[in-house]
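The structure file model-v6.tsv is reproduced below (TSV, C-alpha atoms).
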```tsv
chain	number	residue	atom	x	y	z
X	1	MET	CA	0.00	0.00	0.00
X	2	LYS	CA	2.69	2.40	1.11
X	3	LYS	CA	4.78	1.42	-1.89
X	4	SER	CA	1.98	2.02	-4.40
X	5	LEU	CA	1.25	5.38	-2.84
X	6	PHE	CA	4.92	6.24	-3.19
X	7	ILE	CA	4.89	5.22	-6.86
X	8	PHE	CA	1.71	7.21	-7.44
X	9	VAL	CA	3.17	10.37	-5.88
X	10	PHE	CA	6.43	9.85	-7.73
X	11	CYS	CA	4.68	9.40	-11.07
X	12	SER	CA	2.39	12.37	-10.65
X	13	LEU	CA	5.37	14.50	-9.65
X	14	GLY	CA	7.15	13.26	-12.74
X	15	ILE	CA	4.21	14.07	-14.99
X	16	SER	CA	3.78	17.52	-13.54
X	17	TRP	CA	7.49	18.15	-13.93
X	18	LEU	CA	7.37	17.10	-17.59
X	19	SER	CA	4.33	19.27	-18.26
X	20	ALA	CA	5.73	22.25	-16.37
X	21	GLN	CA	6.92	23.97	-19.51
X	22	GLU	CA	8.58	27.10	-18.29
X	23	VAL	CA	6.81	30.35	-19.06
X	24	ARG	CA	8.62	33.36	-17.69
X	25	LEU	CA	6.50	36.33	-16.64
X	26	VAL	CA	8.20	39.48	-17.88
X	27	LYS	CA	7.77	43.24	-17.84
X	28	ILE	CA	8.31	45.41	-20.92
X	29	GLU	CA	11.73	46.44	-19.53
X	30	ASP	CA	12.84	42.78	-19.54
X	31	VAL	CA	11.85	42.45	-23.20
X	32	LEU	CA	13.69	45.63	-24.22
X	33	GLU	CA	16.78	44.62	-22.23
X	34	GLU	CA	16.89	41.29	-24.05
X	35	MET	CA	16.31	42.84	-27.49
X	36	ASN	CA	18.92	45.56	-26.94
X	37	LYS	CA	21.78	43.24	-25.91
X	38	GLU	CA	24.88	44.33	-27.81
X	39	ASP	CA	26.04	41.09	-29.41
X	40	ASP	CA	25.97	39.30	-32.75
X	41	THR	CA	22.93	37.13	-31.98
X	42	THR	CA	19.90	37.58	-34.23
X	43	ARG	CA	16.88	37.81	-31.95
X	44	VAL	CA	13.42	36.90	-33.17
X	45	LEU	CA	10.60	38.38	-31.11
X	46	ASN	CA	7.13	37.10	-31.96
X	47	LEU	CA	4.11	38.66	-30.25
X	48	TRP	CA	1.18	36.30	-30.01
X	49	ALA	CA	-1.74	35.13	-27.87
X	50	THR	CA	-3.59	31.86	-27.37
X	51	TRP	CA	-6.85	33.57	-28.41
X	52	CYS	CA	-5.39	34.70	-31.75
X	53	ALA	CA	-5.89	32.03	-34.43
X	54	PRO	CA	-3.27	33.23	-36.98
X	55	CYS	CA	-0.75	33.51	-34.12
X	56	VAL	CA	-1.37	29.93	-33.04
X	57	HIS	CA	-1.21	28.83	-36.68
X	58	GLU	CA	2.31	30.19	-37.21
X	59	LEU	CA	3.73	28.95	-33.86
X	60	PRO	CA	4.93	25.57	-35.25
X	61	PHE	CA	7.05	27.42	-37.86
X	62	PHE	CA	8.87	29.25	-35.07
X	63	GLU	CA	9.38	25.92	-33.28
X	64	GLU	CA	10.80	24.32	-36.44
X	65	VAL	CA	13.17	27.22	-36.97
X	66	TYR	CA	14.15	27.01	-33.30
X	67	GLN	CA	14.94	23.29	-33.68
X	68	GLU	CA	17.06	24.03	-36.77
X	69	THR	CA	18.95	27.03	-35.41
X	70	HIS	CA	19.33	26.93	-31.61
X	71	ALA	CA	22.42	24.72	-31.69
X	72	ASN	CA	24.56	27.46	-33.27
X	73	GLN	CA	23.39	29.99	-30.64
X	74	LYS	CA	23.46	32.83	-33.15
X	75	THR	CA	19.68	32.89	-33.43
X	76	LYS	CA	17.44	33.29	-30.42
X	77	ILE	CA	13.67	32.97	-30.62
X	78	ILE	CA	11.39	34.52	-28.02
X	79	LEU	CA	7.67	33.86	-28.26
X	80	LEU	CA	6.15	36.67	-26.23
X	81	ALA	CA	2.52	36.04	-25.31
X	82	VAL	CA	0.56	39.23	-24.67
X	83	GLU	CA	-2.84	39.86	-23.05
X	84	ASP	CA	-3.04	36.25	-22.00
X	85	SER	CA	-3.09	33.99	-18.93
X	86	GLU	CA	-0.26	31.78	-17.71
X	87	GLY	CA	-2.52	28.72	-17.56
X	88	LYS	CA	-3.71	29.06	-21.15
X	89	VAL	CA	-0.21	29.73	-22.48
X	90	LYS	CA	1.26	26.71	-20.66
X	91	LYS	CA	-1.53	24.47	-21.88
X	92	LEU	CA	-1.14	25.57	-25.50
X	93	ILE	CA	2.64	25.28	-25.71
X	94	LEU	CA	2.43	21.83	-24.19
X	95	ALA	CA	-0.21	20.79	-26.72
X	96	LYS	CA	1.84	22.23	-29.59
X	97	GLY	CA	5.13	20.79	-28.28
X	98	ILE	CA	6.88	24.17	-28.18
X	99	ASN	CA	10.41	24.10	-26.79
X	100	ALA	CA	11.48	27.58	-27.91
X	101	THR	CA	11.58	30.26	-25.22
X	102	VAL	CA	8.10	31.40	-24.22
X	103	TRP	CA	7.53	34.52	-22.17
X	104	LEU	CA	4.30	36.06	-20.97
X	105	LEU	CA	4.11	39.83	-20.85
X	106	ASP	CA	2.84	40.84	-17.43
X	107	GLU	CA	1.55	44.33	-18.27
X	108	LYS	CA	-2.03	45.50	-17.77
X	109	TYR	CA	-2.20	48.55	-20.04
X	110	ALA	CA	-1.12	48.04	-23.65
X	111	ASN	CA	-1.02	51.74	-24.53
X	112	GLU	CA	1.96	52.06	-22.18
X	113	TRP	CA	4.17	49.52	-23.97
X	114	ILE	CA	3.12	49.01	-27.63
X	115	SER	CA	5.16	51.93	-29.01
X	116	GLN	CA	8.21	50.73	-27.06
X	117	ILE	CA	8.22	47.57	-29.18
X	118	GLU	CA	7.76	49.43	-32.50
X	119	GLU	CA	6.82	53.07	-33.05
X	120	ASP	CA	4.68	52.46	-36.16
X	121	TRP	CA	2.87	49.38	-34.84
X	122	GLY	CA	-0.86	49.78	-34.14
X	123	GLY	CA	-1.21	46.78	-31.80
X	124	GLU	CA	-2.52	44.11	-34.17
X	125	ILE	CA	-1.15	40.60	-33.65
X	126	PRO	CA	0.68	38.57	-34.74
X	127	VAL	CA	3.78	40.68	-35.36
X	128	THR	CA	7.40	39.58	-35.57
X	129	ARG	CA	10.60	41.57	-35.10
X	130	THR	CA	14.07	40.32	-36.04
X	131	GLN	CA	17.02	42.24	-34.69
X	132	ASN	CA	20.80	41.97	-34.86
X	133	ASN	CA	22.49	44.71	-32.85
X	134	SER	CA	26.09	44.15	-33.93
X	135	LEU	CA	24.95	44.55	-37.55
X	136	SER	CA	22.46	47.33	-36.62
X	137	LYS	CA	19.77	45.46	-38.52
X	138	THR	CA	16.13	45.12	-37.68
X	139	LEU	CA	12.97	44.04	-39.50
X	140	PHE	CA	9.36	44.22	-38.40
X	141	HIS	CA	6.55	42.22	-39.95
X	142	SER	CA	2.83	42.55	-39.31
X	143	GLY	CA	0.69	39.48	-39.97
X	144	GLU	CA	1.07	35.73	-40.12
X	145	LEU	CA	4.36	34.39	-41.52
X	146	SER	CA	5.14	31.24	-43.45
X	147	LYS	CA	8.25	29.30	-42.44
X	148	GLU	CA	10.01	30.52	-45.61
X	149	GLU	CA	9.20	34.15	-44.83
X	150	LEU	CA	10.45	33.73	-41.27
X	151	LEU	CA	13.71	32.18	-42.49
X	152	GLU	CA	14.07	35.01	-45.01
X	153	MET	CA	13.66	37.63	-42.27
X	154	ILE	CA	16.31	35.91	-40.12
X	155	LYS	CA	18.66	35.61	-43.10
X	156	GLU	CA	18.26	39.24	-44.04
X	157	THR	CA	18.81	40.42	-40.46
X	158	SER	CA	21.87	38.18	-40.00
X	159	SER	CA	23.53	39.09	-43.29
X	160	ARG	CA	26.43	41.55	-43.35
X	161	LEU	CA	25.36	42.84	-46.75
V	1	MET	CA	28.68	69.32	-65.14
V	2	LYS	CA	28.22	71.01	-61.79
V	3	LYS	CA	24.82	72.30	-62.85
V	4	TYR	CA	23.82	68.80	-63.87
V	5	LEU	CA	24.91	67.45	-60.49
V	6	ILE	CA	22.84	70.03	-58.60
V	7	PHE	CA	19.87	69.31	-60.83
V	8	SER	CA	20.05	65.55	-60.32
V	9	THR	CA	20.55	66.01	-56.57
V	10	ALA	CA	17.41	68.15	-56.45
V	11	ILE	CA	15.45	65.48	-58.34
V	12	LEU	CA	16.73	62.78	-56.04
V	13	ALA	CA	15.87	64.84	-52.95
V	14	SER	CA	12.32	65.46	-54.16
V	15	LEU	CA	11.93	61.78	-54.97
V	16	ILE	CA	13.05	60.82	-51.47
V	17	PHE	CA	10.63	63.40	-50.07
V	18	LEU	CA	7.78	62.00	-52.15
V	19	VAL	CA	8.48	58.44	-51.06
V	20	SER	CA	8.68	59.34	-47.36
V	21	TYR	CA	5.62	61.59	-47.71
V	22	SER	CA	3.49	58.84	-49.20
V	23	TYR	CA	4.66	56.53	-46.41
V	24	LYS	CA	3.67	59.05	-43.74
V	25	THR	CA	0.15	59.54	-45.13
V	26	ASP	CA	-0.48	55.82	-44.79
V	27	GLY	CA	-3.62	55.88	-42.61
V	28	TYR	CA	-5.24	58.78	-40.77
V	29	LYS	CA	-3.57	60.77	-38.05
V	30	VAL	CA	-5.35	63.21	-35.76
V	31	GLY	CA	-6.15	66.39	-37.72
V	32	ASP	CA	-6.58	64.59	-41.07
V	33	THR	CA	-9.80	64.80	-43.08
V	34	ALA	CA	-11.61	61.46	-43.13
V	35	THR	CA	-13.37	60.21	-46.23
V	36	ASP	CA	-17.06	59.39	-46.20
V	37	PHE	CA	-18.18	55.95	-47.40
V	38	LYS	CA	-21.20	54.21	-48.84
V	39	LEU	CA	-21.35	50.73	-47.35
V	40	LYS	CA	-24.03	48.09	-46.96
V	41	ASN	CA	-25.61	47.78	-43.54
V	42	ILE	CA	-26.84	44.47	-42.09
V	43	ASP	CA	-30.42	45.58	-42.94
V	44	GLY	CA	-29.45	45.83	-46.62
V	45	ARG	CA	-29.48	49.65	-46.78
V	46	MET	CA	-26.48	51.63	-48.01
V	47	ILE	CA	-25.16	53.97	-45.32
V	48	SER	CA	-23.06	57.12	-45.62
V	49	MET	CA	-22.07	59.60	-42.95
V	50	ALA	CA	-23.58	62.29	-45.20
V	51	ASP	CA	-27.00	60.74	-44.39
V	52	TYR	CA	-26.68	61.98	-40.80
V	53	LYS	CA	-27.57	65.63	-41.24
V	54	ASP	CA	-27.87	66.33	-37.50
V	55	ALA	CA	-24.73	64.50	-36.36
V	56	LYS	CA	-21.85	66.55	-34.94
V	57	GLY	CA	-19.45	63.73	-35.62
V	58	PHE	CA	-19.03	59.96	-35.58
V	59	VAL	CA	-17.46	57.14	-33.63
V	60	VAL	CA	-16.26	54.84	-36.41
V	61	ILE	CA	-15.23	51.44	-35.04
V	62	PHE	CA	-13.56	48.81	-37.22
V	63	SER	CA	-14.98	45.60	-35.86
V	64	CYS	CA	-15.75	41.99	-36.71
V	65	ASN	CA	-17.54	38.97	-35.25
V	66	HIS	CA	-14.82	36.50	-34.33
V	67	CYS	CA	-12.17	38.50	-32.46
V	68	PRO	CA	-12.16	37.90	-28.67
V	69	PHE	CA	-11.09	41.52	-28.12
V	70	VAL	CA	-14.12	42.72	-30.10
V	71	ILE	CA	-16.39	40.36	-28.18
V	72	ALA	CA	-15.00	41.85	-24.97
V	73	SER	CA	-15.80	45.36	-26.31
V	74	GLU	CA	-19.31	44.96	-27.74
V	75	ASP	CA	-21.14	46.00	-24.58
V	76	ARG	CA	-18.94	49.10	-24.38
V	77	MET	CA	-19.66	49.88	-28.07
V	78	VAL	CA	-23.41	49.71	-27.38
V	79	ALA	CA	-23.01	51.85	-24.24
V	80	LEU	CA	-21.05	54.48	-26.23
V	81	ASP	CA	-23.78	54.65	-28.87
V	82	LYS	CA	-26.58	54.81	-26.29
V	83	LYS	CA	-24.85	57.65	-24.48
V	84	PHE	CA	-23.59	59.74	-27.41
V	85	SER	CA	-25.88	59.08	-30.37
V	86	ALA	CA	-28.53	61.46	-28.99
V	87	LEU	CA	-25.79	64.01	-28.28
V	88	GLY	CA	-24.68	63.95	-31.92
V	89	TYR	CA	-21.91	61.36	-32.00
V	90	PRO	CA	-23.39	58.03	-33.19
V	91	VAL	CA	-21.35	54.83	-33.42
V	92	ILE	CA	-20.85	53.24	-36.86
V	93	ALA	CA	-19.25	49.80	-36.86
V	94	ILE	CA	-17.50	48.48	-39.97
V	95	ASN	CA	-16.39	44.93	-40.66
V	96	SER	CA	-13.52	44.87	-43.18
V	97	ASN	CA	-12.35	41.29	-42.59
V	98	ASP	CA	-12.14	38.87	-45.49
V	99	PRO	CA	-14.86	36.28	-44.71
V	100	ALA	CA	-12.89	33.74	-46.74
V	101	ALA	CA	-10.21	33.89	-44.01
V	102	TYR	CA	-12.83	33.79	-41.24
V	103	PRO	CA	-16.24	32.34	-42.10
V	104	ASP	CA	-17.42	33.76	-38.75
V	105	ASP	CA	-17.03	37.25	-40.21
V	106	SER	CA	-19.54	36.69	-43.03
V	107	PHE	CA	-22.45	39.07	-43.69
V	108	ASP	CA	-25.00	36.57	-42.33
V	109	LYS	CA	-23.01	36.12	-39.12
V	110	MET	CA	-22.82	39.90	-38.78
V	111	LYS	CA	-26.62	40.00	-38.74
V	112	GLU	CA	-26.73	37.26	-36.10
V	113	ARG	CA	-24.12	38.93	-33.90
V	114	ALA	CA	-25.81	42.34	-34.06
V	115	LYS	CA	-29.10	40.78	-33.05
V	116	GLU	CA	-27.56	38.75	-30.20
V	117	LYS	CA	-25.77	41.76	-28.75
V	118	GLY	CA	-28.57	44.25	-29.43
V	119	PHE	CA	-26.54	46.62	-31.58
V	120	THR	CA	-28.16	50.07	-31.61
V	121	PHE	CA	-25.88	51.27	-34.43
V	122	PRO	CA	-25.25	50.33	-38.09
V	123	TYR	CA	-22.90	47.43	-38.71
V	124	LEU	CA	-21.50	47.86	-42.21
V	125	VAL	CA	-19.53	45.55	-44.47
V	126	ASP	CA	-16.40	46.96	-46.18
V	127	GLU	CA	-16.20	44.32	-48.85
V	128	THR	CA	-13.37	45.88	-50.87
V	129	GLN	CA	-11.45	46.69	-47.63
V	130	ASP	CA	-10.89	50.12	-49.17
V	131	ILE	CA	-12.23	52.04	-46.15
V	132	ALA	CA	-10.04	50.16	-43.67
V	133	LYS	CA	-7.04	50.91	-45.88
V	134	ARG	CA	-7.94	54.58	-46.33
V	135	TYR	CA	-8.42	55.03	-42.58
V	136	GLY	CA	-5.33	52.98	-41.76
V	137	ALA	CA	-7.17	50.55	-39.50
V	138	THR	CA	-4.94	47.58	-38.71
V	139	LYS	CA	-6.92	45.67	-36.14
V	140	THR	CA	-10.26	45.05	-34.51
V	141	PRO	CA	-11.43	46.88	-32.54
V	142	ASP	CA	-9.93	50.13	-33.87
V	143	VAL	CA	-11.67	53.43	-33.11
V	144	PHE	CA	-11.67	56.69	-35.11
V	145	ILE	CA	-13.60	59.63	-33.65
V	146	LEU	CA	-14.52	62.16	-36.32
V	147	ASN	CA	-15.77	65.70	-35.81
V	148	LYS	CA	-17.71	67.84	-38.31
V	149	GLU	CA	-15.75	71.06	-38.70
V	150	LYS	CA	-15.85	73.92	-41.17
V	151	VAL	CA	-12.52	74.38	-42.93
V	152	ASN	CA	-12.52	77.53	-45.15
V	153	GLY	CA	-16.32	77.39	-45.19
V	154	ILE	CA	-16.44	73.74	-46.27
V	155	GLU	CA	-17.75	71.14	-43.85
V	156	LYS	CA	-15.26	68.32	-43.30
V	157	LEU	CA	-14.93	65.26	-41.10
V	158	ILE	CA	-11.78	65.81	-39.07
V	159	VAL	CA	-10.14	62.92	-37.20
V	160	ARG	CA	-9.94	63.93	-33.52
V	161	TYR	CA	-9.07	60.63	-31.85
V	162	THR	CA	-7.62	57.30	-32.94
V	163	GLY	CA	-7.10	54.23	-30.79
V	164	SER	CA	-9.07	52.18	-28.29
V	165	ILE	CA	-12.31	52.81	-26.37
V	166	ASP	CA	-10.40	52.74	-23.09
V	167	ASN	CA	-7.14	51.47	-21.63
V	168	SER	CA	-8.17	47.86	-20.97
V	169	VAL	CA	-9.83	46.28	-23.99
V	170	LYS	CA	-9.72	42.71	-22.67
V	171	ASP	CA	-10.95	43.36	-19.15
V	172	ALA	CA	-13.46	46.17	-18.60
V	173	SER	CA	-13.21	45.76	-14.83
V	174	ILE	CA	-9.71	47.31	-14.62
V	175	VAL	CA	-10.30	50.32	-16.87
V	176	THR	CA	-8.74	53.50	-15.48
V	177	GLU	CA	-8.80	55.71	-18.62
V	178	THR	CA	-11.96	56.16	-20.72
V	179	TYR	CA	-10.31	57.63	-23.83
V	180	ALA	CA	-13.29	57.61	-26.23
V	181	VAL	CA	-15.78	59.00	-23.70
V	182	ASP	CA	-13.30	61.72	-22.70
V	183	ALA	CA	-12.64	62.61	-26.34
V	184	ILE	CA	-16.34	62.99	-27.21
V	185	ASN	CA	-17.00	64.97	-24.02
V	186	ALA	CA	-14.18	67.35	-24.97
V	187	LEU	CA	-15.60	67.75	-28.50
V	188	LEU	CA	-19.07	68.41	-27.08
V	189	LYS	CA	-17.59	71.22	-24.99
V	190	GLY	CA	-15.66	72.55	-27.97
V	191	GLU	CA	-12.40	71.72	-26.24
V	192	ARG	CA	-9.25	70.07	-27.50
V	193	VAL	CA	-9.11	66.29	-26.96
V	194	SER	CA	-6.41	65.74	-24.33
V	195	VAL	CA	-5.40	62.17	-25.29
V	196	GLU	CA	-5.65	62.10	-29.08
V	197	ALA	CA	-4.06	58.77	-29.96
V	198	THR	CA	-3.66	55.51	-28.08
V	199	LYS	CA	-2.67	51.96	-28.91
V	200	SER	CA	-4.10	48.62	-27.91
V	201	ILE	CA	-3.76	44.96	-28.79
V	202	GLY	CA	-6.30	43.54	-31.22
V	203	CYS	CA	-6.87	40.99	-33.96
V	204	SER	CA	-5.15	41.92	-37.21
V	205	ILE	CA	-7.60	42.75	-40.02
V	206	LYS	CA	-7.71	39.78	-42.39
V	207	TRP	CA	-6.65	41.27	-45.73
V	208	LYS	CA	-7.61	39.67	-49.01
V	209	GLU	CA	-4.03	39.79	-50.23
V	210	LYS	CA	-1.17	39.05	-47.88
V	211	SER	CA	0.18	42.01	-45.89
V	212	GLU	CA	3.50	43.47	-47.00
V	213	LYS	CA	6.66	43.40	-44.97
V	214	ARG	CA	7.53	46.82	-43.68
```
Represent the structure contained in this file as structure tokens.
Amino acid sequence: MKKSLFIFVFCSLGISWLSAQEVRLVKIEDVLEEMNKEDDTTRVLNLWATWCAPCVHELPFFEEVYQETHANQKTKIILLAVEDSEGKVKKLILAKGINATVWLLDEKYANEWISQIEEDWGGEIPVTRTQNNSLSKTLFHSGELSKEELLEMIKETSSRL
Amino acid sequence: MKKYLIFSTAILASLIFLVSYSYKTDGYKVGDTATDFKLKNIDGRMISMADYKDAKGFVVIFSCNHCPFVIASEDRMVALDKKFSALGYPVIAINSNDPAAYPDDSFDKMKERAKEKGFTFPYLVDETQDIAKRYGATKTPDVFILNKEKVNGIEKLIVRYTGSIDNSVKDASIVTETYAVDAINALLKGERVSVEATKSIGCSIKWKEKSEKR
């Protein structure tokens, strides 16, 4: 009896550990600090939400690109969920098998932070920014991306030309 | 040779100016003159702002059926219309989404949604998406408050506020700034709108052709 209880507790702990996909709660300052790091990494910042169908549709492309690029450490993908709840984000990234970095923006009032991400952005999602600070290159795309378009953005931002 | 150089530099400079100018006029900013439209309402009638002889202005809201941020705003849209329509600032909602991308945004579903939520205002379909493009709407909900003003003796619709209804679209219970209400109240008093432009998160308008990289 005691043994089976032990196994049960152990297993449920194991399952909850496996499913505890990390979602970091961040403030806008944390996002800007990450994006403004002075190095030769190309950062990909995707703003999305679980309630936004085109956002959810393009998520697997970001995961595929993450799987193909994270080993070289010159490309870093951050999937920043906005106007969302931690529970819903965790559930969705588990269901979609997302291993790329997922953050949740913990800000109540969007008018205070939207322009800090991109001056000309009206607040529609999804949007994606690619940025390489050592090359002083940045691109901003509004709307859903295909995998090819995402790769093209990363390539353009990472190229010295 | 020198003359030629100056000439070509001038041409180049004016070209650069033209390109940046056309970029800047992409969508309405506060102070711009808004275009009127003639769009089909859910009751089948064609609606223009020119039809509203007694209106002092309009609260034009780009909307749709499917977007959770619109759904969270519908009661506030109705409340705005109930409060300000009689005072001369009626709400006009426009759906510019491509129903092929979202079947929920079809004309028939617009009728259903308006009935369910008891819309007191017209809910128009912008089939060509031309009005959303002219206004520079990018998302739903997206609000443009227009004011009838005489410019050199000609009556125009001047954009006096762009942005969101208030500062918490998703959750009405934590609103601390009522931008749209404040803007209309200022216009009613003949005062300058204190917060003229705000930003909020919303669902991107579903364009018929794919959006361009910018």
In Å to one decimal, how far is CA of Glu74 (chain V) from CA of Lys206 (chain V)?
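Pair CA of Lys206 (chain V) / CA of Glu74 (chain V) returns 19.4 Å.
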Could you make a table, as JSON lines, of the residues of region 129-153 of chain V that have an atom within 10 Å of an atom of region 184-189 of chain V, each with its nearest atom pair and distance in Å to one decimal, counting only C-alpha atoms, in chain and number order?
```
{"residue": "V:Ile145", "atom": "CA", "partner": "V:Ile184", "partner_atom": "CA", "distance": 7.8}
{"residue": "V:Leu146", "atom": "CA", "partner": "V:Ile184", "partner_atom": "CA", "distance": 9.3}
{"residue": "V:Asn147", "atom": "CA", "partner": "V:Leu187", "partner_atom": "CA", "distance": 7.6}
```
Based on all atoms listed in the file, which of the residues in chain X come within 6 Å of chain V? I want them as a PDB file with C-alpha atoms, keeping the file's coordinate frame.
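Output file iface_30.pdb follows:
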```pdb
ATOM      1  CA  TYR X 109      -2.200  48.550 -20.040  1.00  0.00           C
ATOM      2  CA  ALA X 110      -1.120  48.040 -23.650  1.00  0.00           C
ATOM      3  CA  ASN X 111      -1.020  51.740 -24.530  1.00  0.00           C
ATOM      4  CA  GLY X 122      -0.860  49.780 -34.140  1.00  0.00           C
ATOM      5  CA  GLY X 123      -1.210  46.780 -31.800  1.00  0.00           C
ATOM      6  CA  GLU X 124      -2.520  44.110 -34.170  1.00  0.00           C
ATOM      7  CA  ILE X 125      -1.150  40.600 -33.650  1.00  0.00           C
ATOM      8  CA  HIS X 141       6.550  42.220 -39.950  1.00  0.00           C
TER       9      HIS X 141
END
```
Just the number, please: distance in Å from CA of Asp39 (chain X) to CA of Leu135 (chain X), one decimal.
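Atom-to-atom, CA of Asp39 (chain X) to CA of Leu135 (chain X), that is 8.9 Å.
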Top pick for closest residue to Ser158 (chain X), considering X:Ala53, X:Val44, X:Leu145, X:Leu104 and counting all atoms listed in the file:
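Among the listed residues, the smallest separation from Ser158 (chain X) belongs to X:Val44.
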Polymer residues at most 7 Å from region 67-80 of chain X, only C-alpha atoms, same-chain spacing of 3 or more positions, as a list in words:
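Near region 67-80 of chain X, the qualifying residues are Asp40, Thr41, Thr42, Arg43, Val44, Leu45, Asn46, Leu47, Trp48, Glu63, Glu64, Ala100, Thr101, Val102, Trp103, Leu104 and Leu105 of chain X.
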Pick out the residues sitting within 8 Å of Tyr28 (chain V), and hand them over as a ChimeraX atom specification; count all atoms listed in the file, and ignore anything fewer than 6 positions along from it in its own chain.
/V:34,134-136,159
Hey, can you spit out that residue selection with C-alpha atoms as a short mmCIF file (atom, residue, chain, number, x, y, z; two decimals), in the frame of the given file?
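The file below, part_30.cif, is the result:
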```cif
data_model
loop_
_atom_site.label_atom_id
_atom_site.label_comp_id
_atom_site.auth_asym_id
_atom_site.auth_seq_id
_atom_site.Cartn_x
_atom_site.Cartn_y
_atom_site.Cartn_z
CA ALA V 34 -11.61 61.46 -43.13
CA ARG V 134 -7.94 54.58 -46.33
CA TYR V 135 -8.42 55.03 -42.58
CA GLY V 136 -5.33 52.98 -41.76
CA VAL V 159 -10.14 62.92 -37.20
#
```
Between CA of Ser136 (chain X) and CA of Ser159 (chain X), what distance in Å does the model show, to one decimal?
10.7 Å
Within 10 Å of Leu80 (chain V), counting all atoms listed in the file, which residues show up once you throw out same-chain ones fewer than 4 positions away? Write them as number ranges by chain, please.
V: 59, 74-76, 84-85, 89-91, 120, 165, 180-181, 184
Let me make sure I understand: among V:Asn95, V:Arg160, V:Asp26, V:Ser73, which one has the smallest atom-to-atom distance to Arg192 (chain V) if we use all atoms listed in the file?
V:Arg160
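For region 39-41 of chain V, the list of residues within 7 Å, based on only C-alpha atoms and with local chain neighbours fewer than 6 positions off taken out, reads Ile47, Ser48, Pro122, Tyr123, Leu124, Val125 and Asp126 of chain V.
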Pick from X:Glu107, X:Glu148, X:Glu83, X:Glu58 nearest to Pro126 (chain X), counting all atoms listed in the file:
X:Glu58
